[in-house]
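Engineer: Okay, here's the structure, questions in a sec.
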Amino acid sequence: MENKTNKIDISHYVECTKVLGPYLRSALWVHGCRANCDGCVAKEMNAEKGTIYDVDELAEILIRVPHTEGITISGGEPFLQAESLVSLITEIKKARDYGVIVYTGFLLEELQNSKDENIKKMLYNIDILIDGRYIKELDDNIPYRGSSNQRIIELTDRYKDIMDVYYNKHDKRNIEINVTGNKVYMIGVPSEYGLKVWEDFKKKAGGKSGI
Ligand code: SF4
């Protein structure tokens, strides 16, 4: 990735999804992760080259999406590009009231203990953090997170009234298939069945997946 804070290295974004948190949300997959979790559904996507975006340009795109309540950021590892993400979120929040949900392979405590100011700033901008690496043996089919070690942590009160509906009710896992240009993407945390469907679909269509 270019070493400029007004640039961000991403794999993909979608303007609108229903399967990555409350309400309608945009979703962004930053590119690259060092964790290498067994069973990571974003492995292929991270292995490919990412796309460098201008932060302001990406912010403009997301600001203009109608009816979204906020964004879910995943990857890849968002905290490896904390500085760029802080700039992106700050730009969007200047224009809109915007909720931010982030998936990370780090633990909240690791992030809180970091001396990196950008990581601290990013934490201030997050409403819900889903933390910890994916552990295949602990995958319990609960929606919105991959394995039972991962925690869904409210860092603000923004979603407190709807936590039960979206996160604590333990409904089914849902995925969406998104076709952008000549590429196909899976969005969401897949169930075992959803993953099988996606794998079949991918063989036929070619595609990349991202939680
Ligand atoms: S599951 Fe998440 S933390 Fe683990 S390798 Fe994949 S992107 Fe990285």
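By convention here, the chains of the structure tokens are called A, B, ... in the order presented, each chain's residues are numbered starting at 1, and ligands are numbered starting at 1 in the order presented.
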Taking only range 6-196 of chain A into account, list the residues labelled alpha helix (DSSP H) by DSSP (computed from the backbone), as a PDB file with N, CA and C atoms, in the first residue's frame.
Structural biologist:
ATOM      1  N   LYS A  43      -9.680 -15.196   2.638  1.00  0.00           N
ATOM      2  CA  LYS A  43      -8.278 -15.481   2.313  1.00  0.00           C
ATOM      3  C   LYS A  43      -7.944 -15.158   0.855  1.00  0.00           C
ATOM      4  N   GLU A  44      -8.795 -15.630  -0.063  1.00  0.00           N
ATOM      5  CA  GLU A  44      -8.507 -15.392  -1.492  1.00  0.00           C
ATOM      6  C   GLU A  44      -8.499 -13.897  -1.796  1.00  0.00           C
ATOM      7  N   MET A  45      -9.482 -13.218  -1.210  1.00  0.00           N
ATOM      8  CA  MET A  45      -9.611 -11.788  -1.454  1.00  0.00           C
ATOM      9  C   MET A  45      -8.348 -11.047  -0.962  1.00  0.00           C
ATOM     10  N   ASN A  46      -7.849 -11.447   0.197  1.00  0.00           N
ATOM     11  CA  ASN A  46      -6.663 -10.792   0.746  1.00  0.00           C
ATOM     12  C   ASN A  46      -5.385 -11.148  -0.012  1.00  0.00           C
ATOM     13  N   ALA A  47      -5.388 -12.341  -0.620  1.00  0.00           N
ATOM     14  CA  ALA A  47      -4.197 -12.775  -1.365  1.00  0.00           C
ATOM     15  C   ALA A  47      -4.044 -11.982  -2.658  1.00  0.00           C
ATOM     16  N   VAL A  55      -9.026   8.558  -0.082  1.00  0.00           N
ATOM     17  CA  VAL A  55      -9.958   8.534   1.052  1.00  0.00           C
ATOM     18  C   VAL A  55     -11.145   9.484   0.828  1.00  0.00           C
ATOM     19  N   ASP A  56     -10.853  10.690   0.344  1.00  0.00           N
ATOM     20  CA  ASP A  56     -11.932  11.668   0.137  1.00  0.00           C
ATOM     21  C   ASP A  56     -12.921  11.191  -0.934  1.00  0.00           C
ATOM     22  N   GLU A  57     -12.367  10.551  -1.962  1.00  0.00           N
ATOM     23  CA  GLU A  57     -13.229  10.047  -3.044  1.00  0.00           C
ATOM     24  C   GLU A  57     -14.150   8.939  -2.508  1.00  0.00           C
ATOM     25  N   LEU A  58     -13.578   8.039  -1.716  1.00  0.00           N
ATOM     26  CA  LEU A  58     -14.381   6.951  -1.152  1.00  0.00           C
ATOM     27  C   LEU A  58     -15.422   7.511  -0.173  1.00  0.00           C
ATOM     28  N   ALA A  59     -15.012   8.502   0.616  1.00  0.00           N
ATOM     29  CA  ALA A  59     -15.961   9.130   1.550  1.00  0.00           C
ATOM     30  C   ALA A  59     -17.138   9.734   0.781  1.00  0.00           C
ATOM     31  N   GLU A  60     -16.844  10.427  -0.310  1.00  0.00           N
ATOM     32  CA  GLU A  60     -17.907  11.042  -1.130  1.00  0.00           C
ATOM     33  C   GLU A  60     -18.891   9.986  -1.624  1.00  0.00           C
ATOM     34  N   ILE A  61     -18.348   8.868  -2.085  1.00  0.00           N
ATOM     35  CA  ILE A  61     -19.201   7.779  -2.596  1.00  0.00           C
ATOM     36  C   ILE A  61     -20.140   7.307  -1.487  1.00  0.00           C
ATOM     37  N   LEU A  62     -19.574   7.077  -0.312  1.00  0.00           N
ATOM     38  CA  LEU A  62     -20.375   6.508   0.790  1.00  0.00           C
ATOM     39  C   LEU A  62     -21.370   7.530   1.346  1.00  0.00           C
ATOM     40  N   ILE A  63     -20.967   8.782   1.378  1.00  0.00           N
ATOM     41  CA  ILE A  63     -21.874   9.836   1.873  1.00  0.00           C
ATOM     42  C   ILE A  63     -23.128   9.902   1.012  1.00  0.00           C
ATOM     43  N   ALA A  82      -5.500   1.913  10.280  1.00  0.00           N
ATOM     44  CA  ALA A  82      -6.282   2.748  11.195  1.00  0.00           C
ATOM     45  C   ALA A  82      -6.255   4.220  10.793  1.00  0.00           C
ATOM     46  N   GLU A  83      -5.093   4.714  10.406  1.00  0.00           N
ATOM     47  CA  GLU A  83      -4.968   6.144  10.099  1.00  0.00           C
ATOM     48  C   GLU A  83      -5.883   6.525   8.924  1.00  0.00           C
ATOM     49  N   SER A  84      -5.848   5.723   7.878  1.00  0.00           N
ATOM     50  CA  SER A  84      -6.700   5.996   6.708  1.00  0.00           C
ATOM     51  C   SER A  84      -8.177   5.867   7.074  1.00  0.00           C
ATOM     52  N   LEU A  85      -8.496   4.873   7.886  1.00  0.00           N
ATOM     53  CA  LEU A  85      -9.906   4.686   8.259  1.00  0.00           C
ATOM     54  C   LEU A  85     -10.408   5.818   9.145  1.00  0.00           C
ATOM     55  N   VAL A  86      -9.548   6.319  10.027  1.00  0.00           N
ATOM     56  CA  VAL A  86      -9.951   7.469  10.846  1.00  0.00           C
ATOM     57  C   VAL A  86     -10.280   8.644   9.927  1.00  0.00           C
ATOM     58  N   SER A  87      -9.445   8.865   8.916  1.00  0.00           N
ATOM     59  CA  SER A  87      -9.708   9.966   7.967  1.00  0.00           C
ATOM     60  C   SER A  87     -11.026   9.730   7.238  1.00  0.00           C
ATOM     61  N   LEU A  88     -11.245   8.509   6.805  1.00  0.00           N
ATOM     62  CA  LEU A  88     -12.473   8.187   6.061  1.00  0.00           C
ATOM     63  C   LEU A  88     -13.716   8.416   6.930  1.00  0.00           C
ATOM     64  N   ILE A  89     -13.683   7.873   8.130  1.00  0.00           N
ATOM     65  CA  ILE A  89     -14.845   7.991   9.025  1.00  0.00           C
ATOM     66  C   ILE A  89     -15.080   9.454   9.394  1.00  0.00           C
ATOM     67  N   THR A  90     -13.989  10.171   9.666  1.00  0.00           N
ATOM     68  CA  THR A  90     -14.106  11.589  10.028  1.00  0.00           C
ATOM     69  C   THR A  90     -14.768  12.374   8.898  1.00  0.00           C
ATOM     70  N   GLU A  91     -14.350  12.129   7.676  1.00  0.00           N
ATOM     71  CA  GLU A  91     -14.938  12.827   6.521  1.00  0.00           C
ATOM     72  C   GLU A  91     -16.432  12.542   6.414  1.00  0.00           C
ATOM     73  N   ILE A  92     -16.797  11.274   6.552  1.00  0.00           N
ATOM     74  CA  ILE A  92     -18.216  10.902   6.415  1.00  0.00           C
ATOM     75  C   ILE A  92     -19.033  11.517   7.548  1.00  0.00           C
ATOM     76  N   LYS A  93     -18.474  11.473   8.769  1.00  0.00           N
ATOM     77  CA  LYS A  93     -19.218  12.001   9.924  1.00  0.00           C
ATOM     78  C   LYS A  93     -19.386  13.523   9.877  1.00  0.00           C
ATOM     79  N   LYS A  94     -18.547  14.188   9.095  1.00  0.00           N
ATOM     80  CA  LYS A  94     -18.745  15.640   8.912  1.00  0.00           C
ATOM     81  C   LYS A  94     -20.042  15.885   8.158  1.00  0.00           C
ATOM     82  N   ALA A  95     -20.427  14.927   7.307  1.00  0.00           N
ATOM     83  CA  ALA A  95     -21.594  15.102   6.440  1.00  0.00           C
ATOM     84  C   ALA A  95     -22.847  14.408   6.976  1.00  0.00           C
ATOM     85  N   LEU A 108      -9.977  -6.493  21.845  1.00  0.00           N
ATOM     86  CA  LEU A 108     -10.162  -5.101  22.273  1.00  0.00           C
ATOM     87  C   LEU A 108      -9.033  -4.658  23.202  1.00  0.00           C
ATOM     88  N   GLU A 109      -8.643  -5.539  24.128  1.00  0.00           N
ATOM     89  CA  GLU A 109      -7.609  -5.174  25.111  1.00  0.00           C
ATOM     90  C   GLU A 109      -6.272  -4.883  24.421  1.00  0.00           C
ATOM     91  N   GLU A 110      -5.965  -5.667  23.378  1.00  0.00           N
ATOM     92  CA  GLU A 110      -4.716  -5.424  22.628  1.00  0.00           C
ATOM     93  C   GLU A 110      -4.757  -4.043  21.992  1.00  0.00           C
ATOM     94  N   LEU A 111      -5.915  -3.699  21.455  1.00  0.00           N
ATOM     95  CA  LEU A 111      -6.064  -2.396  20.791  1.00  0.00           C
ATOM     96  C   LEU A 111      -5.994  -1.266  21.819  1.00  0.00           C
ATOM     97  N   GLN A 112      -6.650  -1.475  22.958  1.00  0.00           N
ATOM     98  CA  GLN A 112      -6.645  -0.439  24.000  1.00  0.00           C
ATOM     99  C   GLN A 112      -5.248  -0.205  24.563  1.00  0.00           C
ATOM    100  N   GLU A 117      -1.511   6.114  18.275  1.00  0.00           N
ATOM    101  CA  GLU A 117      -2.590   7.097  18.458  1.00  0.00           C
ATOM    102  C   GLU A 117      -3.745   6.873  17.476  1.00  0.00           C
ATOM    103  N   ASN A 118      -3.407   6.397  16.268  1.00  0.00           N
ATOM    104  CA  ASN A 118      -4.455   6.186  15.268  1.00  0.00           C
ATOM    105  C   ASN A 118      -5.392   5.049  15.674  1.00  0.00           C
ATOM    106  N   ILE A 119      -4.839   4.051  16.335  1.00  0.00           N
ATOM    107  CA  ILE A 119      -5.684   2.954  16.831  1.00  0.00           C
ATOM    108  C   ILE A 119      -6.620   3.481  17.915  1.00  0.00           C
ATOM    109  N   LYS A 120      -6.097   4.305  18.793  1.00  0.00           N
ATOM    110  CA  LYS A 120      -6.942   4.908  19.843  1.00  0.00           C
ATOM    111  C   LYS A 120      -8.046   5.761  19.207  1.00  0.00           C
ATOM    112  N   LYS A 121      -7.660   6.578  18.215  1.00  0.00           N
ATOM    113  CA  LYS A 121      -8.656   7.439  17.550  1.00  0.00           C
ATOM    114  C   LYS A 121      -9.713   6.600  16.858  1.00  0.00           C
ATOM    115  N   MET A 122      -9.266   5.503  16.262  1.00  0.00           N
ATOM    116  CA  MET A 122     -10.232   4.663  15.559  1.00  0.00           C
ATOM    117  C   MET A 122     -11.229   4.047  16.547  1.00  0.00           C
ATOM    118  N   LEU A 123     -10.721   3.603  17.699  1.00  0.00           N
ATOM    119  CA  LEU A 123     -11.629   3.033  18.708  1.00  0.00           C
ATOM    120  C   LEU A 123     -12.702   4.041  19.121  1.00  0.00           C
ATOM    121  N   TYR A 124     -12.309   5.325  19.210  1.00  0.00           N
ATOM    122  CA  TYR A 124     -13.287   6.364  19.588  1.00  0.00           C
ATOM    123  C   TYR A 124     -14.410   6.492  18.560  1.00  0.00           C
ATOM    124  N   MET A 163     -29.964  -4.052  20.199  1.00  0.00           N
ATOM    125  CA  MET A 163     -28.990  -5.156  20.319  1.00  0.00           C
ATOM    126  C   MET A 163     -29.686  -6.505  20.358  1.00  0.00           C
ATOM    127  N   GLU A 192     -22.778 -23.169   7.564  1.00  0.00           N
ATOM    128  CA  GLU A 192     -22.141 -24.265   6.825  1.00  0.00           C
ATOM    129  C   GLU A 192     -22.821 -24.439   5.474  1.00  0.00           C
ATOM    130  N   TYR A 193     -24.145 -24.379   5.501  1.00  0.00           N
ATOM    131  CA  TYR A 193     -24.902 -24.536   4.256  1.00  0.00           C
ATOM    132  C   TYR A 193     -24.633 -23.354   3.318  1.00  0.00           C
ATOM    133  N   GLY A 194     -24.643 -22.164   3.876  1.00  0.00           N
ATOM    134  CA  GLY A 194     -24.390 -20.964   3.066  1.00  0.00           C
ATOM    135  C   GLY A 194     -23.022 -21.028   2.389  1.00  0.00           C
ATOM    136  N   LEU A 195     -22.045 -21.570   3.134  1.00  0.00           N
ATOM    137  CA  LEU A 195     -20.693 -21.675   2.577  1.00  0.00           C
ATOM    138  C   LEU A 195     -20.659 -22.673   1.423  1.00  0.00           C
ATOM    139  N   LYS A 196     -21.410 -23.784   1.586  1.00  0.00           N
ATOM    140  CA  LYS A 196     -21.474 -24.787   0.506  1.00  0.00           C
ATOM    141  C   LYS A 196     -22.095 -24.177  -0.738  1.00  0.00           C
TER     142      LYS A 196
END
Engineer: Between chain A and ligand 1, at 12 Å or less, what are the per-residue closest atom pairs and their distances in Å? Count only C-alpha atoms and all ligand atoms, order by chain and rising residue number, and return it as a tab-separated table.
Structural biologist:
residue	atom	partner	partner_atom_place_in_ligand_line	distance
A:Ser11	CA	ligand 1	7 (S)	11.3
A:Trp29	CA	ligand 1	7 (S)	9.1
A:Val30	CA	ligand 1	7 (S)	9.2
A:His31	CA	ligand 1	7 (S)	8.9
A:Gly32	CA	ligand 1	7 (S)	7.5
A:Cys33	CA	ligand 1	8 (Fe)	4.7
A:Arg34	CA	ligand 1	8 (Fe)	6.3
A:Ala35	CA	ligand 1	5 (S)	4.5
A:Asn36	CA	ligand 1	5 (S)	3.9
A:Cys37	CA	ligand 1	4 (Fe)	4.2
A:Asp38	CA	ligand 1	5 (S)	7.3
A:Gly39	CA	ligand 1	1 (S)	7.3
A:Cys40	CA	ligand 1	6 (Fe)	4.2
A:Val41	CA	ligand 1	6 (Fe)	6.4
A:Ala42	CA	ligand 1	6 (Fe)	5.5
A:Lys43	CA	ligand 1	6 (Fe)	6.0
A:Glu44	CA	ligand 1	6 (Fe)	9.6
A:Met45	CA	ligand 1	7 (S)	9.3
A:Asn46	CA	ligand 1	7 (S)	7.7
A:Ala47	CA	ligand 1	5 (S)	10.5
A:Ile73	CA	ligand 1	7 (S)	11.1
A:Ser74	CA	ligand 1	7 (S)	7.4
A:Gly75	CA	ligand 1	7 (S)	5.1
A:Gly76	CA	ligand 1	7 (S)	4.2
A:Glu77	CA	ligand 1	8 (Fe)	5.7
A:Pro78	CA	ligand 1	7 (S)	8.9
A:Phe79	CA	ligand 1	3 (S)	10.5
A:Leu80	CA	ligand 1	8 (Fe)	10.6
A:Val102	CA	ligand 1	2 (Fe)	11.0
A:Tyr103	CA	ligand 1	2 (Fe)	7.5
A:Thr104	CA	ligand 1	3 (S)	6.1
A:Gly105	CA	ligand 1	3 (S)	3.7
A:Phe106	CA	ligand 1	3 (S)	7.3
A:Leu107	CA	ligand 1	3 (S)	10.4
A:Ile130	CA	ligand 1	2 (Fe)	10.4
A:Asp131	CA	ligand 1	3 (S)	8.8
A:Gly132	CA	ligand 1	3 (S)	7.1
A:Arg133	CA	ligand 1	3 (S)	4.8
A:Tyr134	CA	ligand 1	1 (S)	4.8
A:Ile135	CA	ligand 1	1 (S)	8.1
A:Lys136	CA	ligand 1	1 (S)	9.4
A:Asp139	CA	ligand 1	1 (S)	11.5
A:Arg145	CA	ligand 1	1 (S)	10.1
A:Gly146	CA	ligand 1	1 (S)	7.9
A:Ser147	CA	ligand 1	1 (S)	9.7
A:Gln150	CA	ligand 1	1 (S)	10.6
A:Val189	CA	ligand 1	1 (S)	10.5
A:Ser209	CA	ligand 1	6 (Fe)	10.5
A:Gly210	CA	ligand 1	7 (S)	8.1
A:Ile211	CA	ligand 1	7 (S)	8.1
Engineer: Out of A:Glu176, A:Arg64, A:Asp54, A:Ile152, which residue has the shortest atom-to-atom distance to Thr17 in chain A when counting only C-alpha atoms?
Structural biologist: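 Closest to Thr17 in chain A, using only C-alpha atoms: A:Glu176.
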Engineer: Just list as an NGL selection string whatever in chain A DSSP marks as strand (DSSP E).
Structural biologist: :A and (7-17 or 25-30 or 51-54 or 70-74 or 99-103 or 128-131 or 151-154 or 176-180 or 183-187 or 208-210)
Engineer: So that I have them on file, write out the residues from the current selection with N, CA and C atoms, as a compact mmCIF listing (two decimals), in the first residue's frame.
Structural biologist:
# COMPACT_ATOMS: atom_id res chain seq x y z
N LYS A 7 -4.81 7.87 1.32
CA LYS A 7 -5.07 6.71 0.47
C LYS A 7 -5.45 5.53 1.36
N ILE A 8 -6.26 4.67 0.79
CA ILE A 8 -6.63 3.46 1.52
C ILE A 8 -6.61 2.28 0.55
N ASP A 9 -6.12 1.16 1.05
CA ASP A 9 -5.98 -0.05 0.22
C ASP A 9 -7.17 -0.97 0.56
N ILE A 10 -8.04 -1.15 -0.40
CA ILE A 10 -9.25 -1.95 -0.10
C ILE A 10 -9.37 -3.12 -1.08
N SER A 11 -10.15 -4.12 -0.65
CA SER A 11 -10.47 -5.22 -1.56
C SER A 11 -11.77 -4.92 -2.30
N HIS A 12 -12.72 -4.33 -1.58
CA HIS A 12 -14.05 -4.19 -2.17
C HIS A 12 -14.90 -3.31 -1.26
N TYR A 13 -15.94 -2.73 -1.81
CA TYR A 13 -16.97 -2.13 -0.96
C TYR A 13 -18.32 -2.37 -1.63
N VAL A 14 -19.37 -2.40 -0.82
CA VAL A 14 -20.73 -2.40 -1.38
C VAL A 14 -21.47 -1.21 -0.76
N GLU A 15 -22.32 -0.61 -1.56
CA GLU A 15 -23.03 0.57 -1.07
C GLU A 15 -24.06 0.19 -0.01
N CYS A 16 -24.63 -1.01 -0.15
CA CYS A 16 -25.76 -1.34 0.73
C CYS A 16 -25.86 -2.84 0.99
N THR A 17 -25.97 -3.22 2.26
CA THR A 17 -26.20 -4.63 2.61
C THR A 17 -27.09 -4.69 3.84
N ARG A 25 -26.69 -0.90 5.63
CA ARG A 25 -25.34 -0.39 5.84
C ARG A 25 -24.50 -0.53 4.58
N SER A 26 -23.57 0.37 4.42
CA SER A 26 -22.52 0.13 3.46
C SER A 26 -21.54 -0.84 4.11
N ALA A 27 -20.74 -1.49 3.28
CA ALA A 27 -19.72 -2.40 3.83
C ALA A 27 -18.42 -2.18 3.07
N LEU A 28 -17.33 -2.27 3.83
CA LEU A 28 -16.01 -2.02 3.25
C LEU A 28 -15.06 -3.11 3.73
N TRP A 29 -14.34 -3.71 2.78
CA TRP A 29 -13.34 -4.71 3.13
C TRP A 29 -11.97 -4.12 2.83
N VAL A 30 -11.23 -3.79 3.87
CA VAL A 30 -9.88 -3.29 3.64
C VAL A 30 -9.01 -4.47 3.23
N THR A 51 -7.06 -2.51 -4.15
CA THR A 51 -7.22 -1.31 -4.97
C THR A 51 -6.99 -0.09 -4.08
N ILE A 52 -6.14 0.80 -4.54
CA ILE A 52 -5.87 2.02 -3.76
C ILE A 52 -6.93 3.07 -4.09
N TYR A 53 -7.60 3.54 -3.07
CA TYR A 53 -8.61 4.60 -3.24
C TYR A 53 -8.13 5.87 -2.55
N ASP A 54 -8.52 6.95 -3.10
CA ASP A 54 -8.36 8.22 -2.41
C ASP A 54 -9.43 8.27 -1.30
N GLY A 70 -25.17 3.51 8.38
CA GLY A 70 -23.74 3.53 8.72
C GLY A 70 -22.98 2.54 7.87
N ILE A 71 -21.87 2.09 8.42
CA ILE A 71 -20.99 1.20 7.65
C ILE A 71 -20.48 0.07 8.54
N THR A 72 -20.22 -1.07 7.92
CA THR A 72 -19.49 -2.14 8.58
C THR A 72 -18.16 -2.31 7.86
N ILE A 73 -17.10 -2.29 8.65
CA ILE A 73 -15.74 -2.38 8.06
C ILE A 73 -15.11 -3.69 8.50
N SER A 74 -14.63 -4.42 7.51
CA SER A 74 -14.02 -5.71 7.79
C SER A 74 -12.80 -5.85 6.90
N GLY A 99 -23.23 5.38 11.84
CA GLY A 99 -22.83 4.32 12.77
C GLY A 99 -21.70 3.49 12.19
N VAL A 100 -20.79 3.06 13.06
CA VAL A 100 -19.61 2.33 12.57
C VAL A 100 -19.44 1.01 13.34
N ILE A 101 -19.43 -0.07 12.57
CA ILE A 101 -19.20 -1.41 13.12
C ILE A 101 -17.93 -1.95 12.49
N VAL A 102 -17.06 -2.54 13.32
CA VAL A 102 -15.78 -3.02 12.79
C VAL A 102 -15.52 -4.45 13.25
N TYR A 103 -15.10 -5.28 12.32
CA TYR A 103 -14.60 -6.63 12.62
C TYR A 103 -13.08 -6.57 12.66
N ILE A 128 -19.72 -0.50 17.46
CA ILE A 128 -19.68 -1.93 17.83
C ILE A 128 -18.39 -2.52 17.26
N LEU A 129 -17.67 -3.24 18.11
CA LEU A 129 -16.45 -3.93 17.68
C LEU A 129 -16.69 -5.43 17.82
N ILE A 130 -16.43 -6.19 16.77
CA ILE A 130 -16.47 -7.65 16.85
C ILE A 130 -15.02 -8.11 16.81
N ASP A 131 -14.54 -8.63 17.93
CA ASP A 131 -13.09 -8.82 18.07
C ASP A 131 -12.67 -10.29 18.10
N ARG A 151 -16.18 -11.62 20.33
CA ARG A 151 -17.16 -10.89 21.15
C ARG A 151 -17.77 -9.73 20.34
N ILE A 152 -19.05 -9.52 20.57
CA ILE A 152 -19.72 -8.37 19.95
C ILE A 152 -19.81 -7.31 21.04
N ILE A 153 -18.97 -6.30 20.94
CA ILE A 153 -18.78 -5.36 22.05
C ILE A 153 -19.34 -3.98 21.69
N GLU A 154 -20.24 -3.49 22.52
CA GLU A 154 -20.77 -2.14 22.31
C GLU A 154 -19.76 -1.13 22.88
N GLU A 176 -25.45 -12.57 1.47
CA GLU A 176 -25.92 -12.01 0.20
C GLU A 176 -24.82 -12.29 -0.83
N ILE A 177 -25.25 -12.47 -2.06
CA ILE A 177 -24.29 -12.60 -3.16
C ILE A 177 -24.37 -11.29 -3.96
N ASN A 178 -23.24 -10.67 -4.14
CA ASN A 178 -23.19 -9.38 -4.82
C ASN A 178 -22.40 -9.51 -6.12
N VAL A 179 -22.98 -9.02 -7.19
CA VAL A 179 -22.29 -9.04 -8.48
C VAL A 179 -21.92 -7.61 -8.84
N THR A 180 -20.63 -7.36 -8.94
CA THR A 180 -20.15 -6.02 -9.32
C THR A 180 -19.27 -6.19 -10.55
N LYS A 183 -17.27 -9.42 -11.35
CA LYS A 183 -16.83 -10.12 -10.14
C LYS A 183 -18.02 -10.44 -9.24
N VAL A 184 -17.90 -11.53 -8.52
CA VAL A 184 -18.98 -11.97 -7.64
C VAL A 184 -18.44 -12.06 -6.21
N TYR A 185 -19.20 -11.54 -5.27
CA TYR A 185 -18.75 -11.52 -3.88
C TYR A 185 -19.82 -12.10 -2.95
N MET A 186 -19.35 -12.77 -1.91
CA MET A 186 -20.26 -13.17 -0.83
C MET A 186 -20.15 -12.13 0.28
N ILE A 187 -21.28 -11.73 0.82
CA ILE A 187 -21.30 -10.78 1.94
C ILE A 187 -21.95 -11.47 3.12
N LYS A 208 -15.14 -13.77 -5.10
CA LYS A 208 -14.37 -13.51 -3.88
C LYS A 208 -15.34 -13.36 -2.71
N SER A 209 -14.90 -13.77 -1.50
CA SER A 209 -15.81 -13.65 -0.38
C SER A 209 -15.22 -12.77 0.70
N GLY A 210 -16.11 -12.09 1.41
CA GLY A 210 -15.67 -11.28 2.54
C GLY A 210 -16.75 -11.19 3.58
Engineer: Quick one: pull the distance between CA of Tyr98 in chain A and CA of Ile142 in chain A, Å, one decimal.
Structural biologist: 25.9 Å
Engineer: Got a sec: who's within 9 Å of Lys172 in chain A, counting only C-alpha atoms, leaving out chain neighbours fewer than 6 positions off, as a list in words?
Structural biologist: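 In the requested format, the answer is Asn141, Ile142, Pro143 and Ser191 of chain A.
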Engineer: Quick one: residues within 6 Å of Leu24 in chain A, only C-alpha atoms, excluding same-chain residues fewer than 4 positions away - as an MDAnalysis selection string?
Structural biologist: chainID A and resid 17:18 68:69
Engineer: Go ahead and write the selection's residues with C-alpha atoms as a short mmCIF file (atom, residue, chain, number, x, y, z; two decimals), in the first residue's frame.
Structural biologist:
data_model
loop_
_atom_site.label_atom_id
_atom_site.label_comp_id
_atom_site.auth_asym_id
_atom_site.auth_seq_id
_atom_site.Cartn_x
_atom_site.Cartn_y
_atom_site.Cartn_z
CA THR A 17 -26.20 -4.63 2.61
CA LYS A 18 -28.61 -6.04 5.18
CA THR A 68 -27.81 3.72 4.94
CA GLU A 69 -27.49 4.14 8.70
#
Engineer: I need the residue nearest Leu155 in chain A from this list: A:Leu138, A:Lys203, A:Lys169, A:Asp127. Use only C-alpha atoms for the distance.
Structural biologist: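 Distance minimum relative to Leu155 in chain A lands on A:Asp127.
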